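As provided, protein-v7.cif (mmCIF, N, CA, C and O atoms) reads as follows.
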```
data_structure
#
loop_
_atom_site.group_PDB
_atom_site.id
_atom_site.type_symbol
_atom_site.label_atom_id
_atom_site.label_comp_id
_atom_site.auth_asym_id
_atom_site.auth_seq_id
_atom_site.Cartn_x
_atom_site.Cartn_y
_atom_site.Cartn_z
ATOM 1 N N MET A 233 81.838 98.663 78.932
ATOM 2 C CA MET A 233 82.303 99.415 77.800
ATOM 3 C C MET A 233 82.565 100.853 78.270
ATOM 4 O O MET A 233 81.861 101.376 79.127
ATOM 5 N N PHE A 234 83.562 101.459 77.678
ATOM 6 C CA PHE A 234 83.937 102.826 78.004
ATOM 7 C C PHE A 234 83.928 103.667 76.740
ATOM 8 O O PHE A 234 84.147 103.156 75.648
ATOM 9 N N VAL A 235 83.718 104.974 76.910
ATOM 10 C CA VAL A 235 83.822 105.913 75.808
ATOM 11 C C VAL A 235 84.624 107.113 76.313
ATOM 12 O O VAL A 235 84.434 107.574 77.444
ATOM 13 N N ALA A 236 85.571 107.559 75.490
ATOM 14 C CA ALA A 236 86.401 108.720 75.817
ATOM 15 C C ALA A 236 86.297 109.700 74.649
ATOM 16 O O ALA A 236 87.126 109.688 73.735
ATOM 17 N N PRO A 237 85.270 110.543 74.657
ATOM 18 C CA PRO A 237 85.036 111.414 73.508
ATOM 19 C C PRO A 237 86.035 112.563 73.410
ATOM 20 O O PRO A 237 86.655 112.958 74.395
ATOM 21 N N ALA A 238 86.152 113.073 72.213
ATOM 22 C CA ALA A 238 86.941 114.272 71.936
ATOM 23 C C ALA A 238 86.144 115.117 70.955
ATOM 24 O O ALA A 238 85.627 114.597 69.966
ATOM 25 N N MET A 239 86.025 116.405 71.269
ATOM 26 C CA MET A 239 85.247 117.283 70.402
ATOM 27 C C MET A 239 85.538 118.731 70.748
ATOM 28 O O MET A 239 86.163 119.025 71.763
ATOM 29 N N ASN A 240 85.065 119.614 69.921
ATOM 30 C CA ASN A 240 85.160 121.036 70.167
ATOM 31 C C ASN A 240 84.325 121.405 71.391
ATOM 32 O O ASN A 240 83.311 120.761 71.672
ATOM 33 N N THR A 241 84.737 122.428 72.105
ATOM 34 C CA THR A 241 84.028 122.857 73.321
ATOM 35 C C THR A 241 82.559 123.163 73.032
ATOM 36 O O THR A 241 81.685 122.832 73.834
ATOM 37 N N PHE A 242 82.285 123.805 71.897
ATOM 38 C CA PHE A 242 80.890 124.114 71.565
ATOM 39 C C PHE A 242 80.074 122.839 71.385
ATOM 40 O O PHE A 242 78.903 122.784 71.774
ATOM 41 N N MET A 243 80.676 121.815 70.814
ATOM 42 C CA MET A 243 79.980 120.529 70.675
ATOM 43 C C MET A 243 79.763 119.902 72.049
ATOM 44 O O MET A 243 78.689 119.359 72.332
ATOM 45 N N TRP A 244 80.785 119.957 72.905
ATOM 46 C CA TRP A 244 80.677 119.357 74.240
ATOM 47 C C TRP A 244 79.564 120.022 75.041
ATOM 48 O O TRP A 244 78.849 119.367 75.787
ATOM 49 N N ASN A 245 79.392 121.338 74.890
ATOM 50 C CA ASN A 245 78.392 122.083 75.653
ATOM 51 C C ASN A 245 77.013 122.073 75.005
ATOM 52 O O ASN A 245 76.075 122.647 75.551
ATOM 53 N N ASN A 246 76.857 121.428 73.869
ATOM 54 C CA ASN A 246 75.595 121.384 73.155
ATOM 55 C C ASN A 246 74.591 120.504 73.910
ATOM 56 O O ASN A 246 74.933 119.423 74.374
ATOM 57 N N PRO A 247 73.333 120.949 74.020
ATOM 58 C CA PRO A 247 72.317 120.150 74.714
ATOM 59 C C PRO A 247 72.105 118.762 74.106
ATOM 60 O O PRO A 247 71.766 117.820 74.808
ATOM 61 N N PHE A 248 72.317 118.627 72.803
ATOM 62 C CA PHE A 248 72.168 117.313 72.174
ATOM 63 C C PHE A 248 73.250 116.355 72.657
ATOM 64 O O PHE A 248 73.006 115.166 72.824
ATOM 65 N N THR A 249 74.454 116.875 72.883
ATOM 66 C CA THR A 249 75.524 116.035 73.412
ATOM 67 C C THR A 249 75.146 115.537 74.799
ATOM 68 O O THR A 249 75.331 114.361 75.116
ATOM 69 N N GLU A 250 74.610 116.413 75.623
ATOM 70 C CA GLU A 250 74.181 116.009 76.964
ATOM 71 C C GLU A 250 73.130 114.907 76.885
ATOM 72 O O GLU A 250 73.183 113.917 77.617
ATOM 73 N N ARG A 251 72.195 115.056 75.962
ATOM 74 C CA ARG A 251 71.142 114.047 75.778
ATOM 75 C C ARG A 251 71.757 112.712 75.342
ATOM 76 O O ARG A 251 71.369 111.645 75.836
ATOM 77 N N HIS A 252 72.717 112.758 74.440
ATOM 78 C CA HIS A 252 73.368 111.527 73.984
ATOM 79 C C HIS A 252 74.186 110.888 75.106
ATOM 80 O O HIS A 252 74.215 109.656 75.231
ATOM 81 N N LEU A 253 74.832 111.709 75.927
ATOM 82 C CA LEU A 253 75.600 111.162 77.048
ATOM 83 C C LEU A 253 74.687 110.478 78.062
ATOM 84 O O LEU A 253 75.060 109.460 78.649
ATOM 85 N N MET A 254 73.490 111.023 78.264
ATOM 86 C CA MET A 254 72.533 110.373 79.167
ATOM 87 C C MET A 254 72.096 109.030 78.594
ATOM 88 O O MET A 254 71.953 108.052 79.330
ATOM 89 N N ALA A 255 71.901 108.965 77.278
ATOM 90 C CA ALA A 255 71.521 107.700 76.634
ATOM 91 C C ALA A 255 72.642 106.674 76.768
ATOM 92 O O ALA A 255 72.390 105.494 77.039
ATOM 93 N N ILE A 256 73.883 107.127 76.599
ATOM 94 C CA ILE A 256 75.035 106.233 76.761
ATOM 95 C C ILE A 256 75.083 105.690 78.183
ATOM 96 O O ILE A 256 75.299 104.506 78.405
ATOM 97 N N ASP A 257 74.851 106.574 79.153
ATOM 98 C CA ASP A 257 74.846 106.155 80.559
ATOM 99 C C ASP A 257 73.735 105.135 80.819
ATOM 100 O O ASP A 257 73.939 104.147 81.521
ATOM 101 N N ASP A 258 72.564 105.359 80.237
ATOM 102 C CA ASP A 258 71.447 104.418 80.397
ATOM 103 C C ASP A 258 71.783 103.029 79.854
ATOM 104 O O ASP A 258 71.245 102.032 80.328
ATOM 105 N N LEU A 259 72.679 102.979 78.883
ATOM 106 C CA LEU A 259 73.100 101.700 78.316
ATOM 107 C C LEU A 259 74.193 101.022 79.145
ATOM 108 O O LEU A 259 74.626 99.922 78.824
ATOM 109 N N GLY A 260 74.653 101.705 80.197
ATOM 110 C CA GLY A 260 75.687 101.122 81.050
ATOM 111 C C GLY A 260 77.103 101.388 80.557
ATOM 112 O O GLY A 260 78.040 100.746 81.014
ATOM 113 N N ILE A 261 77.242 102.320 79.638
ATOM 114 C CA ILE A 261 78.562 102.667 79.115
ATOM 115 C C ILE A 261 79.155 103.759 79.991
ATOM 116 O O ILE A 261 78.487 104.744 80.303
ATOM 117 N N SER A 262 80.397 103.585 80.394
ATOM 118 C CA SER A 262 81.058 104.542 81.277
ATOM 119 C C SER A 262 81.762 105.623 80.472
ATOM 120 O O SER A 262 82.442 105.338 79.484
ATOM 121 N N LEU A 263 81.610 106.846 80.926
ATOM 122 C CA LEU A 263 82.219 107.995 80.276
ATOM 123 C C LEU A 263 83.545 108.340 80.940
ATOM 124 O O LEU A 263 83.621 108.450 82.164
ATOM 125 N N ILE A 264 84.561 108.504 80.137
ATOM 126 C CA ILE A 264 85.829 109.090 80.580
ATOM 127 C C ILE A 264 85.817 110.478 79.963
ATOM 128 O O ILE A 264 86.015 110.620 78.750
ATOM 129 N N PRO A 265 85.519 111.501 80.758
ATOM 130 C CA PRO A 265 85.241 112.818 80.181
ATOM 131 C C PRO A 265 86.461 113.480 79.540
ATOM 132 O O PRO A 265 87.602 113.176 79.886
ATOM 133 N N PRO A 266 86.181 114.396 78.608
ATOM 134 C CA PRO A 266 87.271 115.134 77.987
ATOM 135 C C PRO A 266 87.909 116.103 78.978
ATOM 136 O O PRO A 266 87.361 116.355 80.047
ATOM 137 N N VAL A 267 89.049 116.654 78.582
ATOM 138 C CA VAL A 267 89.800 117.566 79.438
ATOM 139 C C VAL A 267 89.981 118.907 78.726
ATOM 140 O O VAL A 267 89.786 119.026 77.522
ATOM 141 N N LYS A 268 90.377 119.908 79.531
ATOM 142 C CA LYS A 268 90.648 121.234 78.974
ATOM 143 C C LYS A 268 92.085 121.307 78.495
ATOM 144 O O LYS A 268 93.009 120.958 79.227
ATOM 145 N N LYS A 269 92.250 121.746 77.268
ATOM 146 C CA LYS A 269 93.566 122.020 76.703
ATOM 147 C C LYS A 269 93.386 122.582 75.303
ATOM 148 O O LYS A 269 92.269 122.814 74.863
ATOM 149 N N ARG A 270 94.449 122.798 74.589
ATOM 150 C CA ARG A 270 94.376 123.292 73.219
ATOM 151 C C ARG A 270 93.766 122.188 72.360
ATOM 152 O O ARG A 270 94.219 121.055 72.369
ATOM 153 N N LEU A 271 92.713 122.547 71.631
ATOM 154 C CA LEU A 271 91.981 121.581 70.815
ATOM 155 C C LEU A 271 92.509 121.575 69.380
ATOM 156 O O LEU A 271 93.231 122.485 68.964
ATOM 157 N N ALA A 272 92.121 120.582 68.630
ATOM 158 C CA ALA A 272 92.577 120.449 67.239
ATOM 159 C C ALA A 272 92.177 121.660 66.400
ATOM 160 O O ALA A 272 92.891 122.034 65.467
ATOM 161 N N CYS A 273 91.065 122.304 66.750
ATOM 162 C CA CYS A 273 90.597 123.466 65.986
ATOM 163 C C CYS A 273 91.381 124.730 66.327
ATOM 164 O O CYS A 273 91.205 125.752 65.685
ATOM 165 N N GLY A 274 92.243 124.649 67.355
ATOM 166 C CA GLY A 274 93.031 125.799 67.756
ATOM 167 C C GLY A 274 92.493 126.512 68.978
ATOM 168 O O GLY A 274 93.192 127.306 69.596
ATOM 169 N N ASP A 275 91.229 126.267 69.338
ATOM 170 C CA ASP A 275 90.650 126.860 70.544
ATOM 171 C C ASP A 275 91.238 126.202 71.782
ATOM 172 O O ASP A 275 91.777 125.093 71.717
ATOM 173 N N TYR A 276 91.093 126.883 72.911
ATOM 174 C CA TYR A 276 91.455 126.285 74.197
ATOM 175 C C TYR A 276 90.160 126.083 74.958
ATOM 176 O O TYR A 276 89.350 127.012 75.077
ATOM 177 N N GLY A 277 89.944 124.878 75.481
ATOM 178 C CA GLY A 277 88.741 124.629 76.256
ATOM 179 C C GLY A 277 88.532 123.156 76.509
ATOM 180 O O GLY A 277 89.384 122.318 76.199
ATOM 181 N N ASN A 278 87.387 122.850 77.078
ATOM 182 C CA ASN A 278 87.044 121.468 77.401
ATOM 183 C C ASN A 278 86.604 120.753 76.130
ATOM 184 O O ASN A 278 85.783 121.264 75.386
ATOM 185 N N GLY A 279 87.151 119.586 75.891
ATOM 186 C CA GLY A 279 86.771 118.808 74.720
ATOM 187 C C GLY A 279 87.867 117.879 74.228
ATOM 188 O O GLY A 279 87.618 117.025 73.396
ATOM 189 N N ALA A 280 89.075 118.065 74.739
ATOM 190 C CA ALA A 280 90.174 117.192 74.311
ATOM 191 C C ALA A 280 90.022 115.813 74.950
ATOM 192 O O ALA A 280 89.603 115.693 76.099
ATOM 193 N N MET A 281 90.346 114.779 74.191
ATOM 194 C CA MET A 281 90.271 113.424 74.725
ATOM 195 C C MET A 281 91.187 113.306 75.945
ATOM 196 O O MET A 281 92.277 113.873 75.974
ATOM 197 N N ALA A 282 90.728 112.570 76.930
ATOM 198 C CA ALA A 282 91.549 112.305 78.113
ATOM 199 C C ALA A 282 92.860 111.665 77.681
ATOM 200 O O ALA A 282 92.924 110.982 76.650
ATOM 201 N N GLU A 283 93.885 111.885 78.460
ATOM 202 C CA GLU A 283 95.192 111.308 78.153
ATOM 203 C C GLU A 283 95.094 109.781 78.121
ATOM 204 O O GLU A 283 94.378 109.181 78.930
ATOM 205 N N PRO A 284 95.805 109.140 77.198
ATOM 206 C CA PRO A 284 95.766 107.680 77.126
ATOM 207 C C PRO A 284 96.099 107.007 78.459
ATOM 208 O O PRO A 284 95.512 105.977 78.793
ATOM 209 N N SER A 285 97.011 107.593 79.232
ATOM 210 C CA SER A 285 97.357 106.992 80.528
ATOM 211 C C SER A 285 96.164 107.005 81.482
ATOM 212 O O SER A 285 95.969 106.057 82.244
ATOM 213 N N LEU A 286 95.341 108.060 81.432
ATOM 214 C CA LEU A 286 94.144 108.118 82.272
ATOM 215 C C LEU A 286 93.107 107.098 81.804
ATOM 216 O O LEU A 286 92.476 106.422 82.617
ATOM 217 N N ILE A 287 92.944 106.981 80.499
ATOM 218 C CA ILE A 287 92.005 105.989 79.957
ATOM 219 C C ILE A 287 92.441 104.588 80.372
ATOM 220 O O ILE A 287 91.631 103.793 80.866
ATOM 221 N N TYR A 288 93.712 104.292 80.206
ATOM 222 C CA TYR A 288 94.243 102.983 80.585
ATOM 223 C C TYR A 288 94.024 102.717 82.074
ATOM 224 O O TYR A 288 93.538 101.639 82.455
ATOM 225 N N SER A 289 94.353 103.693 82.918
ATOM 226 C CA SER A 289 94.208 103.516 84.370
ATOM 227 C C SER A 289 92.757 103.293 84.763
ATOM 228 O O SER A 289 92.454 102.456 85.609
ATOM 229 N N THR A 290 91.856 104.038 84.146
ATOM 230 C CA THR A 290 90.428 103.906 84.454
ATOM 231 C C THR A 290 89.926 102.507 84.120
ATOM 232 O O THR A 290 89.245 101.865 84.928
ATOM 233 N N VAL A 291 90.265 102.027 82.936
ATOM 234 C CA VAL A 291 89.826 100.692 82.511
ATOM 235 C C VAL A 291 90.486 99.617 83.372
ATOM 236 O O VAL A 291 89.826 98.670 83.817
ATOM 237 N N ARG A 292 91.784 99.770 83.642
ATOM 238 C CA ARG A 292 92.496 98.792 84.469
ATOM 239 C C ARG A 292 91.885 98.712 85.868
ATOM 240 O O ARG A 292 91.623 97.614 86.385
ATOM 241 N N LEU A 293 91.626 99.860 86.485
ATOM 242 C CA LEU A 293 91.024 99.861 87.823
ATOM 243 C C LEU A 293 89.641 99.218 87.818
ATOM 244 O O LEU A 293 89.265 98.535 88.769
ATOM 245 N N PHE A 294 88.882 99.435 86.754
ATOM 246 C CA PHE A 294 87.571 98.811 86.648
ATOM 247 C C PHE A 294 87.698 97.294 86.678
ATOM 248 O O PHE A 294 86.991 96.610 87.434
ATOM 249 N N PHE A 295 88.604 96.760 85.863
ATOM 250 C CA PHE A 295 88.745 95.307 85.807
ATOM 251 C C PHE A 295 89.372 94.742 87.073
ATOM 252 O O PHE A 295 89.007 93.649 87.511
ATOM 253 N N GLU A 296 90.283 95.460 87.689
ATOM 254 C CA GLU A 296 90.854 95.000 88.957
ATOM 255 C C GLU A 296 89.795 94.943 90.052
ATOM 256 O O GLU A 296 89.745 93.983 90.816
ATOM 257 N N SER A 297 88.942 95.955 90.119
ATOM 258 C CA SER A 297 87.897 95.938 91.145
ATOM 259 C C SER A 297 86.862 94.862 90.846
ATOM 260 O O SER A 297 86.294 94.270 91.756
ATOM 261 N N ARG A 298 86.647 94.571 89.576
ATOM 262 C CA ARG A 298 85.730 93.480 89.210
ATOM 263 C C ARG A 298 86.283 92.130 89.641
ATOM 264 O O ARG A 298 85.535 91.267 90.114
ATOM 265 N N GLU A 299 87.599 91.952 89.477
ATOM 266 C CA GLU A 299 88.237 90.704 89.908
ATOM 267 C C GLU A 299 88.092 90.519 91.414
ATOM 268 O O GLU A 299 87.852 89.418 91.892
ATOM 269 N N GLN A 300 88.214 91.610 92.155
ATOM 270 C CA GLN A 300 88.129 91.542 93.617
ATOM 271 C C GLN A 300 86.722 91.202 94.088
ATOM 272 O O GLN A 300 86.533 90.662 95.166
ATOM 273 N N THR A 301 85.725 91.520 93.271
ATOM 274 C CA THR A 301 84.342 91.214 93.647
ATOM 275 C C THR A 301 83.875 89.900 93.027
ATOM 276 O O THR A 301 82.686 89.601 93.036
ATOM 277 N N GLY A 302 84.795 89.157 92.457
ATOM 278 C CA GLY A 302 84.430 87.858 91.872
ATOM 279 C C GLY A 302 83.749 87.957 90.529
ATOM 280 O O GLY A 302 83.007 87.063 90.149
ATOM 281 N N GLY A 303 83.974 89.072 89.813
ATOM 282 C CA GLY A 303 83.407 89.222 88.482
ATOM 283 C C GLY A 303 81.999 89.762 88.463
ATOM 284 O O GLY A 303 81.412 89.938 87.415
ATOM 285 N N ARG A 304 81.436 90.046 89.633
ATOM 286 C CA ARG A 304 80.081 90.605 89.669
ATOM 287 C C ARG A 304 80.142 92.045 89.235
ATOM 288 O O ARG A 304 81.132 92.740 89.407
ATOM 289 N N ASP A 305 79.041 92.545 88.678
ATOM 290 C CA ASP A 305 78.953 93.951 88.303
ATOM 291 C C ASP A 305 79.007 94.802 89.561
ATOM 292 O O ASP A 305 78.406 94.469 90.581
ATOM 293 N N ILE A 306 79.744 95.888 89.456
ATOM 294 C CA ILE A 306 79.840 96.794 90.608
ATOM 295 C C ILE A 306 79.220 98.121 90.308
ATOM 296 O O ILE A 306 78.965 98.479 89.207
#
```
Encoded form using structure tokens:
Amino acid sequence: MFVAPAMNTFMWNNPFTERHLMAIDDLGISLIPPVKKRLACGDYGNGAMAEPSLIYSTVRLFFESREQTGGRDI
């Protein structure tokens, strides 16, 4: 499973977000981190969702590498 969050920079830098991201990682969920750009709130900074093409490529590469290993977890 993958997660590609989008949020305001202040939310991204919040210690609670870091704690939640560690919990997500402990569950085996892969993070596709946000990027820096103009946010919905009008600020510029880290928190924008990764581009759909990057999300697609990340997931595709994951499944391709899984196929090459015979479906075993990598």
- Query: How many Å separate atom N of Gly279 of chain A from atom N of Ser297 of chain A?
  - Reply: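 Rounded to one decimal, the two atoms are 27.6 Å apart.
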- Just say which residues the PyMOL selection byres (((chain A and resi 234 and name CA) around 6) and name CA) picks in this file, as a ChimeraX atom specification. /A:233,235,261-263
- Message: For this structure, which residues satisfy the selection - the PyMOL selection byres (((chain A and resi 280 and name CA) around 6) and name CA) - when it is evaluated on the file as given? I want them as a PyMOL selection string.
- Response: chain A and resi 238+266-267+271+279+281
For the selection you just gave me, I'd like the residues written to a file as a compact mmCIF listing (two decimals), in the coordinates of the input, keeping N, CA, C and O atoms.
```txt
# COMPACT_ATOMS: atom_id res chain seq x y z
N ALA A 238 86.15 113.07 72.21
CA ALA A 238 86.94 114.27 71.94
C ALA A 238 86.14 115.12 70.96
O ALA A 238 85.63 114.60 69.97
N PRO A 266 86.18 114.40 78.61
CA PRO A 266 87.27 115.13 77.99
C PRO A 266 87.91 116.10 78.98
O PRO A 266 87.36 116.36 80.05
N VAL A 267 89.05 116.65 78.58
CA VAL A 267 89.80 117.57 79.44
C VAL A 267 89.98 118.91 78.73
O VAL A 267 89.79 119.03 77.52
N LEU A 271 92.71 122.55 71.63
CA LEU A 271 91.98 121.58 70.82
C LEU A 271 92.51 121.58 69.38
O LEU A 271 93.23 122.48 68.96
N GLY A 279 87.15 119.59 75.89
CA GLY A 279 86.77 118.81 74.72
C GLY A 279 87.87 117.88 74.23
O GLY A 279 87.62 117.02 73.40
N MET A 281 90.35 114.78 74.19
CA MET A 281 90.27 113.42 74.72
C MET A 281 91.19 113.31 75.94
O MET A 281 92.28 113.87 75.97
```
Residue list (strand (DSSP E), DSSP) for chain A, as a PDB file with N, CA, C and O atoms, in the frame of the given file:
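The file below, out.pdb, is the result:
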```pdb
ATOM      1  N   PHE A 234      83.562 101.459  77.678  1.00  0.00           N
ATOM      2  CA  PHE A 234      83.937 102.826  78.004  1.00  0.00           C
ATOM      3  C   PHE A 234      83.928 103.667  76.740  1.00  0.00           C
ATOM      4  O   PHE A 234      84.147 103.156  75.648  1.00  0.00           O
ATOM      5  N   VAL A 235      83.718 104.974  76.910  1.00  0.00           N
ATOM      6  CA  VAL A 235      83.822 105.913  75.808  1.00  0.00           C
ATOM      7  C   VAL A 235      84.624 107.113  76.313  1.00  0.00           C
ATOM      8  O   VAL A 235      84.434 107.574  77.444  1.00  0.00           O
ATOM      9  N   SER A 262      80.397 103.585  80.394  1.00  0.00           N
ATOM     10  CA  SER A 262      81.058 104.542  81.277  1.00  0.00           C
ATOM     11  C   SER A 262      81.762 105.623  80.472  1.00  0.00           C
ATOM     12  O   SER A 262      82.442 105.338  79.484  1.00  0.00           O
ATOM     13  N   LEU A 263      81.610 106.846  80.926  1.00  0.00           N
ATOM     14  CA  LEU A 263      82.219 107.995  80.276  1.00  0.00           C
ATOM     15  C   LEU A 263      83.545 108.340  80.940  1.00  0.00           C
ATOM     16  O   LEU A 263      83.621 108.450  82.164  1.00  0.00           O
ATOM     17  N   VAL A 267      89.049 116.654  78.582  1.00  0.00           N
ATOM     18  CA  VAL A 267      89.800 117.566  79.438  1.00  0.00           C
ATOM     19  C   VAL A 267      89.981 118.907  78.726  1.00  0.00           C
ATOM     20  O   VAL A 267      89.786 119.026  77.522  1.00  0.00           O
ATOM     21  N   LYS A 268      90.377 119.908  79.531  1.00  0.00           N
ATOM     22  CA  LYS A 268      90.648 121.234  78.974  1.00  0.00           C
ATOM     23  C   LYS A 268      92.085 121.307  78.495  1.00  0.00           C
ATOM     24  O   LYS A 268      93.009 120.958  79.227  1.00  0.00           O
ATOM     25  N   LYS A 269      92.250 121.746  77.268  1.00  0.00           N
ATOM     26  CA  LYS A 269      93.566 122.020  76.703  1.00  0.00           C
ATOM     27  C   LYS A 269      93.386 122.582  75.303  1.00  0.00           C
ATOM     28  O   LYS A 269      92.269 122.814  74.863  1.00  0.00           O
ATOM     29  N   ARG A 270      94.449 122.798  74.589  1.00  0.00           N
ATOM     30  CA  ARG A 270      94.376 123.292  73.219  1.00  0.00           C
ATOM     31  C   ARG A 270      93.766 122.188  72.360  1.00  0.00           C
ATOM     32  O   ARG A 270      94.219 121.055  72.369  1.00  0.00           O
ATOM     33  N   TYR A 276      91.093 126.883  72.911  1.00  0.00           N
ATOM     34  CA  TYR A 276      91.455 126.285  74.197  1.00  0.00           C
ATOM     35  C   TYR A 276      90.160 126.083  74.958  1.00  0.00           C
ATOM     36  O   TYR A 276      89.350 127.012  75.077  1.00  0.00           O
ATOM     37  N   GLY A 277      89.944 124.878  75.481  1.00  0.00           N
ATOM     38  CA  GLY A 277      88.741 124.629  76.256  1.00  0.00           C
ATOM     39  C   GLY A 277      88.532 123.156  76.509  1.00  0.00           C
ATOM     40  O   GLY A 277      89.384 122.318  76.199  1.00  0.00           O
ATOM     41  N   ASN A 278      87.387 122.850  77.078  1.00  0.00           N
ATOM     42  CA  ASN A 278      87.044 121.468  77.401  1.00  0.00           C
ATOM     43  C   ASN A 278      86.604 120.753  76.130  1.00  0.00           C
ATOM     44  O   ASN A 278      85.783 121.264  75.386  1.00  0.00           O
ATOM     45  N   GLY A 279      87.151 119.586  75.891  1.00  0.00           N
ATOM     46  CA  GLY A 279      86.771 118.808  74.720  1.00  0.00           C
ATOM     47  C   GLY A 279      87.867 117.879  74.228  1.00  0.00           C
ATOM     48  O   GLY A 279      87.618 117.025  73.396  1.00  0.00           O
ATOM     49  N   ALA A 280      89.075 118.065  74.739  1.00  0.00           N
ATOM     50  CA  ALA A 280      90.174 117.192  74.311  1.00  0.00           C
ATOM     51  C   ALA A 280      90.022 115.813  74.950  1.00  0.00           C
ATOM     52  O   ALA A 280      89.603 115.693  76.099  1.00  0.00           O
TER      53      ALA A 280
END
```
- Message: Can you spell out as a list in words the set of residues that the PyMOL selection byres ((chain A and resi 241) around 8) selects in the structure I just provided?
- Response: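 Written out, the selection comes to Ala238, Met239, Asn240, Phe242, Met243, Trp244, Asn245, Asn246, Leu271, Asp275, Tyr276, Gly277, Asn278, Gly279 and Ala280 of chain A.
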- Message: For a test of reading the model, state the distance in Å between atom CA of Cys273 of chain A and atom CA of Thr290 of chain A, rounded to one decimal.
- Response: 26.9 Å
- What does the distance between atom CA of Thr249 of chain A and atom CA of Lys268 of chain A come to in Å, to one decimal place?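 One can read the atom CA of Thr249 of chain A to atom CA of Lys268 of chain A distance as 16.9 Å.
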